file work.txt (compact mmCIF, C-alpha atoms)
# COMPACT_ATOMS: atom_id res chain seq x y z
CA MET A 1 -11.99 21.07 -29.65
CA SER A 2 -10.74 24.32 -28.07
CA LEU A 3 -7.65 23.89 -25.93
CA LEU A 4 -8.48 26.72 -23.54
CA PRO A 5 -10.89 24.89 -21.20
CA LEU A 6 -8.36 22.08 -20.87
CA LEU A 7 -5.28 24.22 -20.49
CA LEU A 8 -6.59 26.56 -17.81
CA PRO A 9 -6.82 23.97 -15.00
CA LEU A 10 -3.58 22.36 -16.12
CA MET A 11 -1.71 25.66 -16.21
CA ALA A 12 -3.03 26.50 -12.78
CA GLN A 13 -1.29 23.42 -11.42
CA VAL A 14 2.05 23.89 -13.09
CA GLY A 15 3.69 26.46 -10.83
CA PRO A 16 6.07 25.64 -7.97
CA ALA A 17 3.31 26.06 -5.39
CA SER A 18 0.83 23.83 -7.16
CA ALA A 19 -1.19 21.23 -5.32
CA LEU A 20 -0.91 17.49 -5.74
CA PRO A 21 -3.17 15.70 -8.25
CA SER A 22 -6.80 15.32 -7.23
CA ASN A 23 -9.61 13.07 -8.40
CA ALA A 24 -11.81 16.11 -8.92
CA ASN A 25 -9.37 17.53 -11.46
CA PRO A 26 -7.50 14.80 -13.35
CA TYR A 27 -5.41 17.44 -15.09
CA ALA A 28 -4.03 18.65 -11.77
CA SER A 29 -0.81 16.73 -12.34
CA SER A 30 2.21 18.26 -10.60
CA LEU A 31 4.88 15.66 -9.95
CA PRO A 32 4.72 11.90 -10.41
CA LEU A 33 4.45 10.00 -7.16
CA GLU A 34 7.97 8.66 -7.59
CA ILE A 35 9.48 12.03 -6.81
CA ILE A 36 7.37 12.67 -3.73
CA GLU A 37 6.92 9.31 -2.07
CA LYS A 38 8.11 5.74 -2.50
CA LYS A 39 5.59 2.95 -2.45
CA ASP A 40 6.17 0.73 0.55
CA ALA A 41 7.13 -2.27 -1.56
CA GLU A 42 9.77 -0.36 -3.46
CA ALA A 43 11.23 1.23 -0.36
CA ALA A 44 11.42 -2.15 1.33
CA LYS A 45 13.09 -3.64 -1.72
CA ARG A 46 15.69 -0.92 -1.69
CA ALA A 47 16.23 -1.41 2.03
CA ARG A 48 16.87 -5.10 1.47
CA ALA A 49 19.29 -4.19 -1.29
CA ALA A 50 21.54 -2.73 1.39
CA GLN A 51 22.72 -6.26 2.06
CA ASN A 52 24.95 -5.80 -0.99
CA VAL A 53 27.27 -3.86 1.31
CA THR A 54 30.38 -5.99 1.75
CA LEU A 55 30.11 -7.10 5.36
CA PRO A 56 31.28 -10.23 7.12
CA ALA A 57 28.58 -12.64 8.26
CA SER A 58 28.38 -13.59 11.92
CA ARG A 59 26.73 -16.56 13.57
CA ASN A 60 24.06 -14.26 15.02
CA THR A 61 23.06 -12.58 11.77
CA ALA A 62 24.13 -14.90 8.95
CA GLY A 63 20.59 -16.24 8.42
CA CYS A 64 18.75 -13.00 9.03
CA MET A 65 18.93 -11.28 5.65
CA SER A 66 17.83 -14.39 3.77
CA ALA A 67 14.83 -14.74 6.09
CA VAL A 68 13.62 -11.12 5.97
CA GLU A 69 11.18 -11.52 3.12
CA ALA A 70 9.75 -14.80 4.43
CA ASN A 71 9.38 -13.68 8.04
CA PRO A 72 10.31 -10.04 8.70
CA GLU A 73 8.94 -10.05 12.25
CA ARG A 74 11.15 -12.97 13.29
CA SER A 75 14.09 -11.46 11.42
CA ALA A 76 13.63 -8.19 13.30
CA GLU A 77 13.64 -10.07 16.60
CA LEU A 78 16.83 -11.93 15.71
CA ALA A 79 18.58 -8.79 14.52
CA GLN A 80 17.50 -6.76 17.57
CA SER A 81 18.84 -9.47 19.85
CA ALA A 82 22.12 -9.66 17.94
CA LEU A 83 22.48 -5.88 17.98
CA GLY A 84 22.49 -5.85 21.77
CA ASP A 85 25.72 -7.85 21.97
CA ALA A 86 27.36 -6.92 18.68
CA ILE A 87 30.45 -4.77 18.35
CA GLY A 88 32.38 -3.45 15.37
CA ARG A 89 31.54 -4.99 12.04
CA GLU A 90 29.02 -7.39 13.56
CA ARG A 91 27.09 -4.36 14.80
CA VAL A 92 27.01 -3.00 11.26
CA ARG A 93 25.62 -6.28 9.98
CA ALA A 94 23.00 -6.55 12.72
CA GLY A 95 21.81 -2.97 12.20
CA LEU A 96 21.56 -3.56 8.49
CA CYS A 97 19.48 -6.69 8.98
CA LEU A 98 17.22 -4.97 11.50
CA GLY A 99 16.64 -2.01 9.19
CA ALA A 100 15.72 -4.29 6.29
CA ALA A 101 13.26 -6.27 8.41
CA LEU A 102 11.64 -3.14 9.84
CA SER A 103 11.32 -1.71 6.32
CA ASP A 104 9.44 -4.82 5.24
CA LEU A 105 7.10 -4.24 8.18
CA GLY A 106 6.54 -0.61 7.19
CA ARG A 107 8.09 0.63 10.44
CA TRP A 108 10.03 3.33 8.65
CA ASP A 109 11.15 5.53 11.53
CA GLU A 110 12.54 2.53 13.39
CA ALA A 111 14.17 1.31 10.18
CA ARG A 112 15.85 4.68 9.75
CA GLY A 113 17.27 4.43 13.27
CA ALA A 114 18.58 0.92 12.62
CA PHE A 115 20.32 1.96 9.41
CA VAL A 116 21.86 4.96 11.17
CA THR A 117 23.12 2.66 13.91
CA ALA A 118 24.70 0.40 11.31
CA ARG A 119 26.24 3.33 9.44
CA ASP A 120 27.73 4.83 12.59
CA ALA A 121 29.23 1.46 13.53
CA ALA A 122 31.08 1.24 10.21
CA ASP A 123 34.70 2.32 10.08
CA ALA A 124 35.18 5.96 9.05
CA ALA A 125 37.26 4.81 6.08
CA ASP A 126 34.62 2.33 4.91
CA HIS A 127 32.95 4.79 2.55
CA ALA A 128 31.11 2.06 0.63
CA SER A 129 29.23 0.79 3.68
CA ARG A 130 28.58 4.27 5.01
CA ALA A 131 27.25 5.46 1.66
CA ARG A 132 24.85 2.55 1.20
CA LEU A 133 23.63 2.52 4.79
CA GLY A 134 23.21 6.29 4.78
CA ALA A 135 21.20 6.03 1.57
CA MET A 136 18.98 3.37 3.15
CA ALA A 137 18.45 5.57 6.21
CA GLY A 138 17.53 8.52 4.00
CA ASN A 139 15.14 6.41 1.97
CA ALA A 140 13.45 5.18 5.15
CA ALA A 141 13.10 8.78 6.35
CA LEU A 142 11.41 9.68 3.07
CA ALA A 143 9.03 6.73 3.42
CA ALA A 144 8.25 7.95 6.96
CA GLY A 145 7.32 11.38 5.59
CA GLN A 146 10.38 13.16 6.99
CA PRO A 147 12.04 14.87 4.01
CA GLY A 148 14.12 17.26 6.11
CA GLN A 149 15.55 14.36 8.07
CA ALA A 150 16.15 12.52 4.81
CA LEU A 151 18.21 15.41 3.43
CA ALA A 152 20.42 15.42 6.52
CA LEU A 153 21.12 11.70 6.01
CA LEU A 154 21.52 11.76 2.23
CA SER A 155 24.08 14.56 2.12
CA PRO A 156 26.94 12.63 3.82
CA ALA A 157 25.89 9.48 1.96
CA ALA A 158 26.34 11.35 -1.33
CA THR A 159 29.82 12.45 -0.27
CA ASP A 160 30.81 8.87 0.56
CA ALA A 161 29.41 7.58 -2.73
CA LYS A 162 31.47 10.12 -4.67
CA ILE A 163 34.62 9.20 -2.76
CA ILE A 164 34.34 5.59 -3.93
CA GLY A 165 33.30 6.63 -7.44
CA ASP A 166 30.02 4.69 -7.41
CA ALA A 167 28.04 6.34 -10.20
CA GLU A 168 24.92 4.22 -9.72
CA LEU A 169 24.71 4.97 -6.01
CA THR A 170 25.51 8.64 -6.58
CA GLY A 171 22.66 8.87 -9.08
CA SER A 172 20.23 7.03 -6.80
CA ILE A 173 21.03 9.29 -3.85
CA ALA A 174 20.63 12.37 -6.04
CA LEU A 175 17.15 11.20 -7.06
CA ASP A 176 16.20 10.72 -3.42
CA ARG A 177 17.55 14.16 -2.61
CA ALA A 178 15.42 15.62 -5.40
CA ARG A 179 12.31 13.98 -3.98
CA ALA A 180 13.09 15.36 -0.54
CA LEU A 181 13.82 18.84 -1.88
CA VAL A 182 10.51 18.91 -3.75
CA ALA A 183 8.74 17.87 -0.55
CA VAL A 184 10.28 20.81 1.35
CA LYS A 185 9.38 23.16 -1.53
CA GLN A 186 12.85 23.82 -2.91
CA PRO A 187 12.30 23.16 -6.64
CA ASP A 188 15.47 24.89 -7.86
CA GLU A 189 17.61 22.78 -5.56
CA ALA A 190 15.66 19.71 -6.67
CA ALA A 191 16.42 20.57 -10.30
CA ALA A 192 20.13 20.75 -9.44
CA ALA A 193 19.93 17.34 -7.75
CA LEU A 194 18.24 15.88 -10.83
CA ALA A 195 20.97 17.34 -13.04
CA GLU A 196 23.50 15.57 -10.83
CA ALA A 197 21.56 12.31 -11.21
CA ARG A 198 21.56 12.67 -15.01
CA THR A 199 25.29 13.32 -15.03
CA ALA A 200 25.99 10.29 -12.87
CA GLN A 201 23.61 8.05 -14.85
CA PRO A 202 22.93 9.56 -18.28
CA ASP A 203 20.98 6.45 -19.36
CA ASN A 204 18.61 6.51 -16.39
CA ALA A 205 15.17 7.09 -17.91
CA GLN A 206 13.61 7.83 -14.54
CA ALA A 207 16.02 10.71 -13.94
CA TRP A 208 15.04 12.25 -17.30
CA LEU A 209 11.32 11.70 -16.62
CA LEU A 210 11.45 13.39 -13.24
CA SER A 211 13.55 16.20 -14.70
CA ALA A 212 10.97 16.77 -17.44
CA THR A 213 8.13 16.82 -14.94
CA LEU A 214 9.87 19.29 -12.66
CA SER A 215 10.79 21.51 -15.63
CA ARG A 216 7.15 21.44 -16.75
CA ARG A 217 6.04 22.30 -13.25
CA GLN A 218 8.38 25.30 -13.33
CA GLU A 219 6.85 26.32 -16.69
CA LYS A 220 10.07 25.59 -18.61
CA LEU A 221 8.23 23.79 -21.38
CA SER A 222 11.00 23.79 -23.98
CA GLN A 223 13.40 22.23 -21.50
CA ALA A 224 10.73 19.79 -20.39
CA GLN A 225 10.15 18.70 -23.99
CA THR A 226 13.84 17.98 -24.55
CA GLN A 227 14.04 15.99 -21.33
CA ILE A 228 10.91 13.92 -21.96
CA GLU A 229 12.13 13.09 -25.46
CA LYS A 230 15.36 11.76 -23.94
CA ALA A 231 13.38 9.72 -21.41
CA ALA A 232 11.24 8.27 -24.20
CA SER A 233 14.31 7.31 -26.22
CA LEU A 234 15.64 5.37 -23.23
CA ALA A 235 12.36 3.70 -22.24
CA PRO A 236 9.88 3.96 -25.14
CA GLN A 237 7.35 1.59 -23.54
CA ASP A 238 7.23 3.26 -20.13
CA PRO A 239 3.61 4.43 -19.61
CA GLU A 240 4.60 7.12 -17.09
CA ILE A 241 6.83 8.71 -19.72
CA GLY A 242 4.00 8.65 -22.27
CA LEU A 243 1.65 10.20 -19.72
CA GLU A 244 4.02 13.05 -18.96
CA ALA A 245 4.81 13.57 -22.65
CA GLY A 246 1.11 14.16 -23.25
CA VAL A 247 0.85 16.69 -20.44
CA ILE A 248 3.83 18.64 -21.79
CA ALA A 249 2.40 18.53 -25.32
CA MET A 250 -0.98 19.76 -24.10
CA LEU A 251 0.54 22.68 -22.24
CA SER A 252 2.56 23.48 -25.36
CA GLY A 253 -0.66 23.69 -27.40
CA ASN A 254 -0.21 20.46 -29.33
CA GLU A 255 -3.43 18.53 -28.75
CA THR A 256 -2.65 16.01 -31.50
CA ALA A 257 0.65 15.02 -29.88
CA ALA A 258 -0.99 14.87 -26.45
CA ARG A 259 -3.75 12.58 -27.72
CA ARG A 260 -1.16 10.35 -29.43
CA SER A 261 0.92 10.07 -26.25
CA TRP A 262 -2.02 9.25 -24.01
CA THR A 263 -3.41 6.73 -26.49
CA SER A 264 -0.03 5.01 -26.52
CA VAL A 265 -0.19 4.75 -22.73
CA LEU A 266 -3.44 2.79 -23.01
CA ALA A 267 -1.80 0.40 -25.46
CA ALA A 268 1.45 -0.04 -23.52
CA GLY A 269 0.17 -0.13 -19.96
CA ALA A 270 -3.38 -1.45 -19.94
CA GLY A 271 -4.61 -1.76 -16.37
CA SER A 272 -1.86 0.42 -14.93
CA ASP A 273 -2.39 3.56 -12.88
CA ALA A 274 -0.95 5.51 -15.80
CA ALA A 275 -3.57 4.03 -18.16
CA VAL A 276 -6.36 5.06 -15.79
CA THR A 277 -5.03 8.62 -15.77
CA ALA A 278 -4.60 8.60 -19.55
CA LYS A 279 -8.28 7.64 -19.88
CA GLN A 280 -9.23 10.60 -17.72
CA TYR A 281 -7.13 12.95 -19.82
CA LEU A 282 -8.55 11.64 -23.10
CA SER A 283 -12.08 11.92 -21.78
CA GLN A 284 -11.44 15.63 -21.24
CA LEU A 285 -10.43 15.95 -24.88
CA GLY A 286 -13.50 14.19 -26.22
CA PRO A 287 -13.72 12.38 -29.60
CA ASP A 288 -10.93 12.75 -32.11
CA THR A 289 -11.96 14.33 -35.40
CA ASP A 290 -10.24 14.72 -38.74
CA LYS A 291 -9.97 18.03 -40.56
CA SER A 292 -13.42 17.60 -42.12
CA GLY A 293 -14.97 17.35 -38.67
CA ALA A 294 -15.82 13.66 -38.96
CA THR A 295 -15.25 11.57 -35.86
CA THR A 296 -12.30 9.22 -36.39
CA ALA A 297 -12.03 7.69 -32.94
CA LYS A 298 -13.93 7.71 -29.73
CA ALA A 299 -12.16 8.65 -26.55
CA PRO A 300 -12.23 5.99 -23.80
CA LYS A 301 -14.87 6.48 -21.16
CA PRO A 302 -13.50 7.44 -17.74
call {"tool": "encode", "arguments": {"input": "work.txt", "output": "structure tokens"}}
result
Amino acid sequence: MSLLPLLLPLMAQVGPASALPSNANPYASSLPLEIIEKKDAEAAKRARAAQNVTLPASRNTAGCMSAVEANPERSAELAQSALGDAIGRERVRAGLCLGAALSDLGRWDEARGAFVTARDAADAADHASRARLGAMAGNAALAAGQPGQALALLSPAATDAKIIGDAELTGSIALDRARALVAVKQPDEAAAALAEARTAQPDNAQAWLLSATLSRRQEKLSQAQTQIEKAASLAPQDPEIGLEAGVIAMLSGNETAARRSWTSVLAAGAGSDAAVTAKQYLSQLGPDTDKSGATTAKAPKP
């Protein structure tokens, strides 16, 4: 099958100003959702992870964090009440608990404000708490659709994370910064943030996947190929990596490799969103044929 009809719509979507994927054109794949928006469940999970900040428990907030998942509304009430009277470190703890509960409720803008309150209540020398709480505030801003606000919060958080030498947190913040920078249409700056994430966490498959996708979107296909190969070596069963590997192969003119990647996605991630997209891509290719022209496999129906 000729590659041209397939490549034209895909190439049209690869530039920095390309639109987001659409149902009408399944090849209109720009960036994976992970780099543009966090799913509510993941953002809430990360917000709750802020409780790992080393903070003293108080009688007003000791039971709040453990109750967030079971009853976030009640937890928010308890934390809001505690915040009114809290000072010093107790105020940090109460703001943290309130932010986590509000995140579970999907009230992202309020959650951002709570995390900022907690961060600002932390001692200036407590870089660990300020880094984690700032990261949570930035993540909440991203979930609220405020990438510019997120960048303003993530920048000082990144500085604090570097001061304490926390590579994992530094890498996580860099990934969030990349997502925000893509959202405000600064792809070169996003690429720099992703490079920082890879340096901080060289074994982070997600950082390599997002780097490959952004490189592909900037039409740097050779670089994208190297990055997606690294991602695949770190997480060979990840369907999102297989999906992106196929897109890069297709744009590079290698239909056989693209078909192989997308078929592997169906095998590894049946029922996943990636598998649904892989089916759409394969349906555009049509049946596989050997060199003699005989059909060797039928593409899945969309």
call {"tool": "atom_distance", "arguments": {"input": "work.txt", "atom1": "CA of Ile87 in chain A", "atom2": "CA of Leu102 in chain A"}}
result
20.7 Å
call {"tool": "atom_distance", "arguments": {"input": "work.txt", "atom1": "CA of Arg179 in chain A", "atom2": "CA of Ala275 in chain A"}}
result
23.5 Å
call {"tool": "residues_near_point", "arguments": {"input": "work.txt", "point": "(15.7, 5.5, -16.0)", "cutoff": "12 Å", "atoms": "all atoms listed in the file", "output": "NGL selection string"}}
result
:A and (34 or 168 or 171-172 or 175 or 194 or 197-198 or 200-211 or 227-228 or 230-238 or 240-241)
call {"tool": "write_last_selection", "arguments": {"input": "work.txt", "atoms": "C-alpha atoms", "output": "PDB file, in the frame of the given file"}}
result
ATOM      1  CA  GLU A  34       7.970   8.660  -7.590  1.00  0.00           C
ATOM      2  CA  GLU A 168      24.920   4.220  -9.720  1.00  0.00           C
ATOM      3  CA  GLY A 171      22.660   8.870  -9.080  1.00  0.00           C
ATOM      4  CA  SER A 172      20.230   7.030  -6.800  1.00  0.00           C
ATOM      5  CA  LEU A 175      17.150  11.200  -7.060  1.00  0.00           C
ATOM      6  CA  LEU A 194      18.240  15.880 -10.830  1.00  0.00           C
ATOM      7  CA  ALA A 197      21.560  12.310 -11.210  1.00  0.00           C
ATOM      8  CA  ARG A 198      21.560  12.670 -15.010  1.00  0.00           C
ATOM      9  CA  ALA A 200      25.990  10.290 -12.870  1.00  0.00           C
ATOM     10  CA  GLN A 201      23.610   8.050 -14.850  1.00  0.00           C
ATOM     11  CA  PRO A 202      22.930   9.560 -18.280  1.00  0.00           C
ATOM     12  CA  ASP A 203      20.980   6.450 -19.360  1.00  0.00           C
ATOM     13  CA  ASN A 204      18.610   6.510 -16.390  1.00  0.00           C
ATOM     14  CA  ALA A 205      15.170   7.090 -17.910  1.00  0.00           C
ATOM     15  CA  GLN A 206      13.610   7.830 -14.540  1.00  0.00           C
ATOM     16  CA  ALA A 207      16.020  10.710 -13.940  1.00  0.00           C
ATOM     17  CA  TRP A 208      15.040  12.250 -17.300  1.00  0.00           C
ATOM     18  CA  LEU A 209      11.320  11.700 -16.620  1.00  0.00           C
ATOM     19  CA  LEU A 210      11.450  13.390 -13.240  1.00  0.00           C
ATOM     20  CA  SER A 211      13.550  16.200 -14.700  1.00  0.00           C
ATOM     21  CA  GLN A 227      14.040  15.990 -21.330  1.00  0.00           C
ATOM     22  CA  ILE A 228      10.910  13.920 -21.960  1.00  0.00           C
ATOM     23  CA  LYS A 230      15.360  11.760 -23.940  1.00  0.00           C
ATOM     24  CA  ALA A 231      13.380   9.720 -21.410  1.00  0.00           C
ATOM     25  CA  ALA A 232      11.240   8.270 -24.200  1.00  0.00           C
ATOM     26  CA  SER A 233      14.310   7.310 -26.220  1.00  0.00           C
ATOM     27  CA  LEU A 234      15.640   5.370 -23.230  1.00  0.00           C
ATOM     28  CA  ALA A 235      12.360   3.700 -22.240  1.00  0.00           C
ATOM     29  CA  PRO A 236       9.880   3.960 -25.140  1.00  0.00           C
ATOM     30  CA  GLN A 237       7.350   1.590 -23.540  1.00  0.00           C
ATOM     31  CA  ASP A 238       7.230   3.260 -20.130  1.00  0.00           C
ATOM     32  CA  GLU A 240       4.600   7.120 -17.090  1.00  0.00           C
ATOM     33  CA  ILE A 241       6.830   8.710 -19.720  1.00  0.00           C
TER      34      ILE A 241
END
call {"tool": "atom_distance", "arguments": {"input": "work.txt", "atom1": "CA of Ser103 in chain A", "atom2": "CA of Asp273 in chain A"}}
result
24.2 Å
call {"tool": "closest_residue", "arguments": {"input": "work.txt", "among": "A:Ala249, A:Asp160, A:Ala79, A:Glu229", "to": "Ala125 in chain A", "atoms": "all atoms listed in the file"}}
result
A:Asp160
call {"tool": "residues_near_point", "arguments": {"input": "work.txt", "point": "(9.3, 12.7, 4.6)", "cutoff": "12 Å", "atoms": "only C-alpha atoms", "output": "PyMOL selection string"}}
result
chain A and resi 35-38+108-109+112+137-153+176-177+179-184
